[in-house]
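*Asks:* Quick one, my_file.csv (CSV, C-alpha atoms and all ligand atoms):
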chain,number,residue,atom,x,y,z
W,1,MET,CA,-183.3,98.0,-82.0
W,2,SER,CA,-183.3,96.8,-85.7
W,3,ALA,CA,-186.5,95.7,-87.4
W,4,SER,CA,-188.4,92.9,-85.7
W,5,THR,CA,-187.3,89.3,-86.4
W,6,ALA,CA,-190.7,87.9,-85.5
W,7,PRO,CA,-192.3,85.8,-88.2
W,8,ALA,CA,-195.2,87.2,-90.2
W,9,GLY,CA,-198.7,86.0,-89.5
W,10,VAL,CA,-199.6,82.3,-90.0
W,11,ALA,CA,-202.7,81.0,-91.7
W,12,VAL,CA,-205.2,78.7,-89.9
W,13,THR,CA,-207.3,76.0,-91.5
W,14,CYS,CA,-209.8,73.7,-89.9
W,15,ASN,CA,-211.5,70.9,-91.7
W,16,ARG,CA,-214.4,69.1,-90.2
W,17,LEU,CA,-212.9,69.7,-86.7
W,18,ILE,CA,-214.6,67.7,-84.0
W,19,HIS,CA,-213.9,67.8,-80.2
W,20,ILE,CA,-215.6,65.6,-77.7
W,21,TYR,CA,-215.0,66.0,-73.9
W,22,SER,CA,-215.4,62.7,-72.0
W,23,THR,CA,-216.8,63.3,-68.6
W,24,GLY,CA,-217.9,61.0,-65.8
W,25,THR,CA,-221.5,61.4,-66.8
W,26,GLY,CA,-221.0,61.0,-70.6
W,27,ASP,CA,-219.5,62.6,-73.6
W,28,VAL,CA,-220.0,66.3,-74.5
W,29,VAL,CA,-219.7,67.2,-78.2
W,30,ALA,CA,-218.2,70.7,-78.1
W,31,LEU,CA,-217.2,71.0,-81.7
W,32,SER,CA,-219.2,69.1,-84.3
W,33,GLY,CA,-217.4,69.8,-87.6
W,34,VAL,CA,-215.8,73.2,-87.8
W,35,ASP,CA,-214.7,74.3,-91.3
W,36,LEU,CA,-212.8,77.6,-91.2
W,37,GLU,CA,-210.0,79.3,-93.1
W,38,ILE,CA,-208.2,82.3,-91.7
W,39,ALA,CA,-205.6,83.9,-94.0
W,40,ALA,CA,-202.2,84.8,-92.7
W,41,GLY,CA,-202.3,88.3,-91.3
W,42,GLU,CA,-206.1,88.4,-90.9
W,43,MET,CA,-208.0,89.7,-87.9
W,44,VAL,CA,-211.1,87.7,-87.0
W,45,ALA,CA,-213.6,87.7,-84.1
W,46,LEU,CA,-215.2,84.5,-82.9
W,47,VAL,CA,-218.7,85.2,-81.6
W,48,GLY,CA,-221.6,83.1,-80.6
W,49,PRO,CA,-223.7,82.0,-77.7
W,50,SER,CA,-222.3,80.7,-74.5
W,51,GLY,CA,-221.4,77.0,-74.8
W,52,SER,CA,-221.2,77.1,-78.6
W,53,GLY,CA,-217.6,75.9,-78.6
W,54,LYS,CA,-215.5,79.1,-79.0
W,55,SER,CA,-213.1,78.4,-76.1
W,56,THR,CA,-212.7,74.8,-77.2
W,57,LEU,CA,-211.8,76.0,-80.7
W,58,VAL,CA,-209.3,78.5,-79.4
W,59,ALA,CA,-207.8,75.9,-77.0
W,60,ILE,CA,-207.2,73.6,-80.0
W,61,LEU,CA,-205.7,76.4,-82.1
W,62,GLY,CA,-203.4,77.3,-79.2
W,63,GLY,CA,-202.1,73.7,-78.8
W,64,LEU,CA,-203.7,73.2,-75.4
W,65,LEU,CA,-206.2,70.5,-76.6
W,66,GLN,CA,-205.9,68.0,-79.5
W,67,PRO,CA,-209.0,67.5,-81.6
W,68,SER,CA,-211.0,64.2,-81.4
W,69,ALA,CA,-211.2,64.1,-85.2
W,70,GLY,CA,-210.8,66.3,-88.2
W,71,ARG,CA,-207.8,68.4,-89.3
W,72,VAL,CA,-206.4,71.7,-88.1
W,73,HIS,CA,-203.3,73.5,-89.5
W,74,VAL,CA,-201.6,76.5,-88.0
W,75,GLY,CA,-199.0,77.6,-90.5
W,76,ASP,CA,-197.1,74.5,-91.5
W,77,HIS,CA,-198.1,72.6,-88.3
W,78,ASP,CA,-200.7,69.8,-88.5
W,79,LEU,CA,-201.9,70.1,-84.9
W,80,SER,CA,-203.7,66.8,-84.9
W,81,ARG,CA,-200.4,65.0,-85.5
W,82,LEU,CA,-198.1,67.0,-83.2
W,83,SER,CA,-196.5,65.1,-80.3
W,84,PRO,CA,-196.8,66.7,-76.8
W,85,SER,CA,-193.3,68.2,-77.2
W,86,GLY,CA,-194.4,69.5,-80.7
W,87,LEU,CA,-197.4,71.1,-79.1
W,88,ALA,CA,-195.3,72.7,-76.4
W,89,ALA,CA,-193.0,74.2,-79.1
W,90,LEU,CA,-196.1,75.5,-80.9
W,91,ARG,CA,-197.3,77.2,-77.7
W,92,GLY,CA,-193.8,78.6,-77.0
W,93,ALA,CA,-192.9,80.0,-80.4
W,94,THR,CA,-195.8,80.1,-82.9
W,95,VAL,CA,-199.0,80.9,-81.0
W,96,GLY,CA,-199.5,83.4,-78.3
W,97,THR,CA,-202.6,82.9,-76.1
W,98,VAL,CA,-204.0,85.8,-74.0
W,99,LEU,CA,-206.4,84.4,-71.4
W,100,GLN,CA,-209.5,86.3,-70.2
W,101,GLY,CA,-208.6,88.7,-67.4
W,102,ALA,CA,-205.2,90.4,-67.5
W,103,GLU,CA,-204.2,89.1,-64.1
W,104,ARG,CA,-204.2,85.6,-65.4
W,105,ASN,CA,-201.4,86.4,-67.9
W,106,LEU,CA,-199.0,88.5,-65.8
W,107,LEU,CA,-197.3,88.0,-62.4
W,108,PRO,CA,-198.4,90.9,-60.2
W,109,TYR,CA,-195.2,91.2,-58.1
W,110,VAL,CA,-192.7,91.9,-61.0
W,111,SER,CA,-192.6,94.7,-63.5
W,112,LEU,CA,-194.2,94.4,-67.0
W,113,SER,CA,-190.7,94.2,-68.6
W,114,ARG,CA,-189.7,91.4,-66.3
W,115,ASN,CA,-192.9,89.5,-67.0
W,116,ILE,CA,-192.2,89.6,-70.7
W,117,TRP,CA,-188.5,88.8,-70.3
W,118,MET,CA,-189.4,85.8,-68.2
W,119,ALA,CA,-191.8,84.6,-70.9
W,120,GLN,CA,-189.1,85.0,-73.5
W,121,ARG,CA,-186.4,82.9,-71.8
W,122,PRO,CA,-187.9,79.5,-72.9
W,123,ALA,CA,-189.3,81.1,-76.1
W,124,ALA,CA,-186.0,82.3,-77.4
W,125,ARG,CA,-184.6,78.8,-77.4
W,126,LEU,CA,-187.8,77.3,-78.9
W,127,ALA,CA,-188.2,80.0,-81.5
W,128,GLY,CA,-184.6,79.8,-82.6
W,129,ARG,CA,-184.6,83.5,-83.4
W,130,ARG,CA,-183.9,86.8,-81.8
W,131,LEU,CA,-186.8,88.3,-80.0
W,132,ASP,CA,-187.8,91.9,-79.6
W,133,PRO,CA,-186.8,93.5,-76.3
W,134,PRO,CA,-189.7,93.9,-73.8
W,135,GLU,CA,-189.7,97.7,-74.2
W,136,ALA,CA,-190.3,97.4,-78.0
W,137,ILE,CA,-193.2,95.0,-77.4
W,138,LEU,CA,-194.7,97.3,-74.8
W,139,ASP,CA,-194.3,100.2,-77.2
W,140,LEU,CA,-196.3,98.3,-79.8
W,141,VAL,CA,-199.3,98.1,-77.5
W,142,GLY,CA,-199.1,101.8,-76.5
W,143,LEU,CA,-197.2,101.2,-73.2
W,144,GLY,CA,-193.8,102.5,-74.2
W,145,GLY,CA,-191.8,103.7,-71.2
W,146,GLU,CA,-194.1,101.9,-68.8
W,147,GLY,CA,-191.9,98.7,-68.4
W,148,LYS,CA,-191.0,99.4,-64.8
W,149,ARG,CA,-194.6,99.5,-63.7
W,150,ARG,CA,-196.5,96.6,-62.2
W,151,LEU,CA,-200.0,95.4,-62.9
W,152,ALA,CA,-201.5,97.2,-59.9
W,153,ASP,CA,-200.2,100.5,-61.2
W,154,LEU,CA,-202.2,100.3,-64.4
W,155,THR,CA,-205.7,101.3,-65.6
W,156,PRO,CA,-208.0,98.4,-66.7
W,157,GLY,CA,-207.3,99.3,-70.4
W,158,GLN,CA,-203.6,99.4,-69.8
W,159,ARG,CA,-203.7,96.0,-68.0
W,160,GLN,CA,-205.4,94.4,-70.9
W,161,ARG,CA,-202.8,95.9,-73.3
W,162,ALA,CA,-200.0,94.6,-71.0
W,163,ALA,CA,-201.6,91.2,-71.3
W,164,LEU,CA,-201.5,91.5,-75.1
W,165,ALA,CA,-197.8,92.4,-74.8
W,166,GLN,CA,-197.2,89.3,-72.7
W,167,GLY,CA,-198.9,87.2,-75.5
W,168,LEU,CA,-196.5,88.7,-78.0
W,169,ALA,CA,-193.4,87.9,-75.9
W,170,ALA,CA,-192.2,85.2,-78.3
W,171,GLY,CA,-193.2,87.0,-81.5
W,172,PRO,CA,-196.0,84.6,-82.4
W,173,GLY,CA,-197.4,84.4,-85.9
W,174,LEU,CA,-200.9,83.8,-84.4
W,175,LEU,CA,-202.3,85.7,-81.4
W,176,LEU,CA,-205.4,84.2,-79.7
W,177,VAL,CA,-207.2,86.6,-77.3
W,178,ASP,CA,-210.1,85.7,-75.1
W,179,GLU,CA,-212.6,88.4,-74.3
W,180,PRO,CA,-210.1,91.3,-74.2
W,181,THR,CA,-212.8,94.0,-73.7
W,182,SER,CA,-215.3,92.4,-71.4
W,183,GLN,CA,-214.4,94.4,-68.3
W,184,LEU,CA,-213.6,97.7,-70.1
W,185,ASP,CA,-215.4,100.9,-70.7
W,186,ALA,CA,-215.7,102.4,-74.2
W,187,SER,CA,-212.3,104.2,-74.1
W,188,GLY,CA,-210.6,101.1,-72.7
W,189,ARG,CA,-212.1,99.0,-75.5
W,190,ASP,CA,-210.9,101.6,-78.1
W,191,GLU,CA,-207.4,101.4,-76.7
W,192,VAL,CA,-207.4,97.6,-76.9
W,193,LEU,CA,-208.8,97.6,-80.4
W,194,ALA,CA,-206.2,100.2,-81.5
W,195,ALA,CA,-203.4,98.0,-80.0
W,196,LEU,CA,-204.7,94.9,-81.9
W,197,ALA,CA,-204.8,96.9,-85.1
W,198,THR,CA,-201.2,98.1,-84.5
W,199,ILE,CA,-199.9,94.6,-83.8
W,200,ASN,CA,-201.6,93.4,-86.9
W,201,ALA,CA,-200.4,96.2,-89.1
W,202,GLU,CA,-196.8,96.3,-87.9
W,203,ARG,CA,-196.1,92.7,-87.3
W,204,GLY,CA,-198.5,91.0,-89.7
W,205,THR,CA,-199.7,88.8,-86.8
W,206,THR,CA,-202.8,86.9,-87.4
W,207,VAL,CA,-205.3,87.8,-84.6
W,208,VAL,CA,-208.2,85.8,-83.4
W,209,VAL,CA,-210.4,87.3,-80.7
W,210,VAL,CA,-213.1,85.5,-78.8
W,211,THR,CA,-215.8,88.1,-77.8
W,212,HIS,CA,-219.4,88.5,-76.8
W,213,ASP,CA,-219.2,92.1,-77.9
W,214,GLY,CA,-220.8,92.6,-81.3
W,215,GLU,CA,-219.0,96.0,-81.7
W,216,VAL,CA,-215.6,94.3,-81.4
W,217,GLY,CA,-216.7,91.8,-84.1
W,218,ALA,CA,-217.8,94.7,-86.4
W,219,ARG,CA,-214.6,96.6,-85.8
W,220,LEU,CA,-212.3,93.7,-86.6
W,221,GLY,CA,-214.0,93.4,-90.0
W,222,ARG,CA,-214.7,89.7,-90.0
W,223,ALA,CA,-216.9,88.0,-87.3
W,224,VAL,CA,-217.3,84.2,-87.4
W,225,THR,CA,-220.3,83.0,-85.5
W,226,ILE,CA,-219.9,79.6,-83.8
W,227,ARG,CA,-223.2,77.9,-83.2
W,228,ASP,CA,-223.7,74.4,-81.9
W,229,GLY,CA,-220.1,73.6,-82.3
W,230,ARG,CA,-219.7,74.6,-86.0
W,231,VAL,CA,-219.5,77.7,-88.1
W,232,GLY,CA,-223.0,79.1,-88.3
W,233,ALA,CA,-222.6,82.4,-90.1
W,234,GLU,CA,-220.2,85.1,-90.9
W,235,GLY,CA,-220.3,88.9,-90.9
W,236,ARG,CA,-217.9,90.7,-93.2
W,237,ASP,CA,-217.7,94.5,-93.5
W,238,GLY,CA,-221.2,94.9,-92.2
W,239,ARG,CA,-222.8,92.2,-94.4
W,240,ASP,CA,-224.1,88.9,-93.0
W,241,PHE,CA,-223.5,85.6,-94.7
W,242,ALA,CA,-224.6,82.0,-94.3
W,243,VAL,CA,-221.7,79.5,-94.6
W,244,VAL,CA,-221.7,76.1,-96.4
W,245,ALA,CA,-220.0,73.5,-94.2
W,246,GLY,CA,-217.8,70.8,-95.5
W,247,ASP,CA,-220.6,68.3,-95.4
W,248,GLY,CA,-222.8,70.6,-97.5
W,249,THR,CA,-225.0,71.8,-94.7
W,250,ILE,CA,-226.0,75.5,-94.1
W,251,GLN,CA,-227.2,76.7,-90.7
W,252,LEU,CA,-230.3,79.0,-91.0
W,253,PRO,CA,-230.2,82.1,-88.9
W,254,PRO,CA,-232.2,81.6,-85.7
W,255,GLU,CA,-235.0,83.9,-86.8
W,256,THR,CA,-235.4,81.9,-90.1
W,257,LEU,CA,-235.2,78.6,-88.2
W,258,ALA,CA,-238.1,79.8,-86.0
W,259,ALA,CA,-240.2,80.3,-89.2
W,260,PHE,CA,-239.0,77.0,-90.8
W,261,PRO,CA,-238.4,74.5,-88.1
W,262,ALA,CA,-236.3,71.3,-88.3
W,263,GLY,CA,-237.9,68.8,-90.6
W,264,THR,CA,-239.2,71.5,-93.0
W,265,LEU,CA,-238.9,70.4,-96.7
W,266,PHE,CA,-237.4,72.8,-99.2
W,267,GLU,CA,-237.3,72.6,-102.9
W,268,VAL,CA,-233.8,73.8,-104.0
W,269,ASP,CA,-233.5,75.9,-107.2
W,270,HIS,CA,-230.0,76.7,-108.2
W,271,SER,CA,-229.2,79.2,-111.0
W,272,GLU,CA,-226.0,81.2,-111.5
W,273,GLY,CA,-225.1,83.0,-108.3
W,274,THR,CA,-228.5,82.4,-106.6
W,275,VAL,CA,-229.9,79.5,-104.6
W,276,THR,CA,-233.7,79.6,-103.9
W,277,LEU,CA,-235.1,77.5,-101.1
W,278,ARG,CA,-238.9,77.1,-101.5
W,279,ALA,CA,-240.5,75.7,-98.4
W,280,MET,CA,-243.1,72.9,-98.9
W,281,PRO,CA,-246.2,73.4,-96.9
W,282,SER,CA,-246.3,71.1,-93.8
W,283,PRO,CA,-249.3,68.8,-93.6
W,284,SER,CA,-250.8,70.8,-90.8
W,285,SER,CA,-250.4,74.2,-92.6
W,286,ALA,CA,-251.8,72.6,-95.8
W,287,ARG,CA,-255.1,72.5,-94.1
W,288,ASP,CA,-255.0,76.2,-93.7
W,289,ASP,CA,-254.6,78.1,-97.0
W,290,GLU,CA,-253.6,81.3,-95.3
W,291,ALA,CA,-250.9,79.7,-93.2
W,292,THR,CA,-249.6,77.8,-96.2
W,293,THR,CA,-249.0,80.9,-98.2
W,294,ALA,CA,-247.2,82.5,-95.4
W,295,SER,CA,-244.9,79.6,-94.7
W,296,ALA,CA,-244.2,78.9,-98.4
W,297,GLU,CA,-242.4,82.3,-98.9
W,298,PRO,CA,-239.0,81.3,-100.3
W,299,GLY,CA,-235.7,82.2,-98.7
W,300,HIS,CA,-232.9,83.4,-100.9
W,301,ILE,CA,-229.3,82.6,-100.4
W,302,GLY,CA,-226.8,83.8,-102.9
W,401,LIG,N1,-213.5,70.7,-69.8
W,401,LIG,C1,-214.7,70.4,-70.2
W,401,LIG,N2,-215.3,69.2,-69.9
W,401,LIG,C2,-216.5,68.9,-70.3
W,401,LIG,N3,-217.3,69.7,-71.1
W,401,LIG,C3,-216.8,70.9,-71.4
W,401,LIG,C4,-215.5,71.3,-71.0
W,401,LIG,N4,-215.2,72.5,-71.5
W,401,LIG,C5,-216.3,72.9,-72.2
W,401,LIG,N5,-217.2,71.9,-72.1
W,401,LIG,C6,-218.6,71.9,-72.8
W,401,LIG,O1,-218.3,72.0,-74.2
W,401,LIG,C7,-219.3,72.9,-74.8
W,401,LIG,C8,-218.5,74.1,-75.5
W,401,LIG,O2,-218.0,74.8,-74.4
W,401,LIG,P1,-217.0,76.1,-74.7
W,401,LIG,O3,-216.5,76.6,-73.4
W,401,LIG,O4,-216.0,75.7,-75.8
W,401,LIG,O5,-218.0,77.2,-75.3
W,401,LIG,P2,-217.9,78.8,-75.4
W,401,LIG,O6,-218.6,79.2,-76.6
W,401,LIG,O7,-216.5,79.2,-75.3
W,401,LIG,O8,-218.7,79.3,-74.1
W,401,LIG,P3,-218.6,80.6,-73.3
W,401,LIG,O9,-218.9,81.8,-74.3
W,401,LIG,O10,-219.5,80.5,-72.2
W,401,LIG,O11,-217.1,80.7,-72.8
W,401,LIG,C9,-220.2,73.3,-73.7
W,401,LIG,O12,-221.3,72.4,-73.7
W,401,LIG,C10,-219.4,73.1,-72.5
W,401,LIG,O13,-220.3,72.8,-71.4
How would this structure read if it were set down as structure tokens?

*Replies:*
Amino acid sequence: MSASTAPAGVAVTCNRLIHIYSTGTGDVVALSGVDLEIAAGEMVALVGPSGSGKSTLVAILGGLLQPSAGRVHVGDHDLSRLSPSGLAALRGATVGTVLQGAERNLLPYVSLSRNIWMAQRPAARLAGRRLDPPEAILDLVGLGGEGKRRLADLTPGQRQRAALAQGLAAGPGLLLVDEPTSQLDASGRDEVLAALATINAERGTTVVVVTHDGEVGARLGRAVTIRDGRVGAEGRDGRDFAVVAGDGTIQLPPETLAAFPAGTLFEVDHSEGTVTLRAMPSPSSARDDEATTASAEPGHIG
């Protein structure tokens, strides 16, 4: 087989992305202004507490949901403006989504190769380009020569890698993967992380992984924390950062927020490369000199 004809990775941009679910009992704000840039070919983990909006964000990036407001681009596609058929084409040819649990991605009664081949049939037409044969895709995730096997024949780590292969069937520029390591032991997790690194290195595919596993976030190099429906923080190469949102707000880390609760007044000093937030004593702590001194310790961002 000649070199892959799959596209290189695509970039992702979200600007003030909002998503509201309307339910019988009222509206639920799942995303409240996500600002996020992911470069083409980057690997990023989305982390954060349960219910913070990670799955909703991934569903939007995967063309399964349209945002209530704000803008989201995947490559050249403006997802908020795509028609239903445009979204279907995006799902078929540009973005591959791997759902949590390998068995949700693959049919158990046909071989791995057959699964991928079946996913490629509509994709080849939508993508308008030649797709890699299933064996080449399986090879990429470390399952070369295993195409005749079925899901039940595989170890948990192999199953998860087979699910990654299925997500790659159409040669997407963006691969979205939900909790790929949640049911795996350490060696299974290593296999999956190695497969993701190979996909990224050999195909240039942009990879976004939703995970509760801090180790996965650290190993991918960039971990974006979603908190209360927006980007709360980032970890890059072992360093933690706060993030300025599009509306100028910064979320304090939870432990800082505990010391300086909502409503705390800060004086803001800004000099080159450094922002100093100096907490004003609250009226109650002002009555207690000791407490005032403690709560007035400045926080530094910069
Ligand atoms: N289909 C839906 N209808 C109504 N509300 C929803 C729906 N899906 C999610 N929500 C709500 O939207 C918010 C964000 O949920 P979401 O599933 O995106 O978070 P999450 O970070 O992926 O959580 P988890 O880590 O538990 O999967 C939560 O308050 C959730 O209850």

*Asks:* Please identify every polymer residue within 6 Å of ligand LIG 401 (chain W), using all atoms listed in the file, and present the set as JSON, numbers by chain.

*Replies:* {"W": [21, 23, 28, 30, 49, 50, 51, 52, 53, 54, 55, 56]}

*Asks:* So, with all atoms listed in the file as the atoms that count, which of W:Gly26, W:Pro180, W:Gly232, W:Gly167 lies closest to W:Ile199?

*Replies:* W:Gly167

*Asks:* Near W:Ser80, within 7 Å and counting only C-alpha atoms, which residues show up once chain neighbours fewer than 5 positions away are dropped, as a short mmCIF file (atom, residue, chain, number, x, y, z; two decimals) with C-alpha atoms, in the coordinates of the input?

*Replies:*
data_model
loop_
_atom_site.label_atom_id
_atom_site.label_comp_id
_atom_site.auth_asym_id
_atom_site.auth_seq_id
_atom_site.Cartn_x
_atom_site.Cartn_y
_atom_site.Cartn_z
CA GLN W 66 -205.90 68.00 -79.50
CA PRO W 67 -209.00 67.50 -81.60
CA ARG W 71 -207.80 68.40 -89.30
CA VAL W 72 -206.40 71.70 -88.10
#

*Asks:* Looking at all atoms listed in the file, which of W:Ala11, W:Gly96, W:Val231, W:Val210 is the one that sits closest to W:Gly246?

*Replies:*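 For W:Gly246, the nearest of the candidates is W:Val231.
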
*Asks:* If you measure from atom CA of W:Leu220 to atom CA of W:Leu138, what distance in Å do you get, rounded to one decimal?

*Replies:* 21.5 Å

*Asks:* What's the separation between atom CA of W:Ser113 and atom CA of W:Val177, in Å to one decimal place?

*Replies:*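 Here the two named atoms are 20.1 Å from each other.
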
*Asks:* Using all atoms listed in the file and a cutoff of 6 Å, can you tell me which residues are near (-219.4, 91.7, -90.1) in the file's coordinates, and write them out as a list in words?

*Replies:*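 I get Ala218, Gly221, Arg222, Ala223, Gly235, Arg236, Asp237, Gly238 and Arg239 of chain W for the residues within 6 Å of that point.
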
*Asks:* Given only C-alpha atoms as the basis, pick out the residue of W:Asn105, W:Thr274, W:Thr94, W:Gln160 nearest to W:Thr206.

*Replies:*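 For W:Thr206, the nearest of the given residues is W:Thr94.
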
*Asks:* I need the residue nearest W:Gly33 from this list: W:Leu140, W:His19, W:Val209, W:Val244. Use only C-alpha atoms for the distance.

*Replies:* W:His19

*Asks:* To one decimal place, how far is atom CA of W:Thr225 from atom CA of W:Val207 in Å?

*Replies:*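 Rounded to one decimal, the two atoms are 15.8 Å apart.
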
*Asks:* Under the rule that only C-alpha atoms are counted, which of W:Gly41, W:Pro156, W:Pro254, W:Gly24 is the nearest residue to W:Asn200?

*Replies:*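 When distances to W:Asn200 are compared using only C-alpha atoms, the smallest one comes from W:Gly41.
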
*Asks:* Between W:Gln251, W:Thr264, W:Gln183, W:Thr13, which is the closest to W:Gly157 once you count all atoms listed in the file?

*Replies:*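 Using all atoms listed in the file, the shortest distance to W:Gly157 belongs to W:Gln183.
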
*Asks:* Let me have the centre and edge lengths of the axis-aligned box enclosing all listed atoms of stretch 247-263 of chain W with 5 Å padding on every side, in Å to one decimal, as AutoDock Vina command-line options.

*Replies:*
--center_x -230.4 --center_y 76.1 --center_z -91.6 --size_x 29.6 --size_y 25.6 --size_z 21.8

*Asks:* As a list of chain:residue names, please: the residues near W:Thr181 (cut-off 8 Å, all atoms listed in the file, same-chain neighbours under 2 positions excluded).

*Replies:* W:Gln160, W:Glu179, W:Gln183, W:Leu184, W:Asp185, W:Gly188, W:Arg189, W:Val192, W:Thr211, W:Asp213

*Asks:* W:Leu151: which residues within 9 Å, counting only C-alpha atoms, same-chain residues fewer than 4 positions away excluded, as a PyMOL selection string?

*Replies:* chain W and resi 102-103+106-112+155+158-159+162

*Asks:* Which protein, DNA or RNA residues are at most 10 Å from (-201.5, 96.5, -85.4) in the file's coordinates when you count only C-alpha atoms, listed as a list in words?

*Replies:* Met43, Leu140, Val141, Leu193, Ala194, Ala195, Leu196, Ala197, Thr198, Ile199, Asn200, Ala201, Glu202, Arg203, Gly204, Thr205, Thr206 and Val207 of chain W
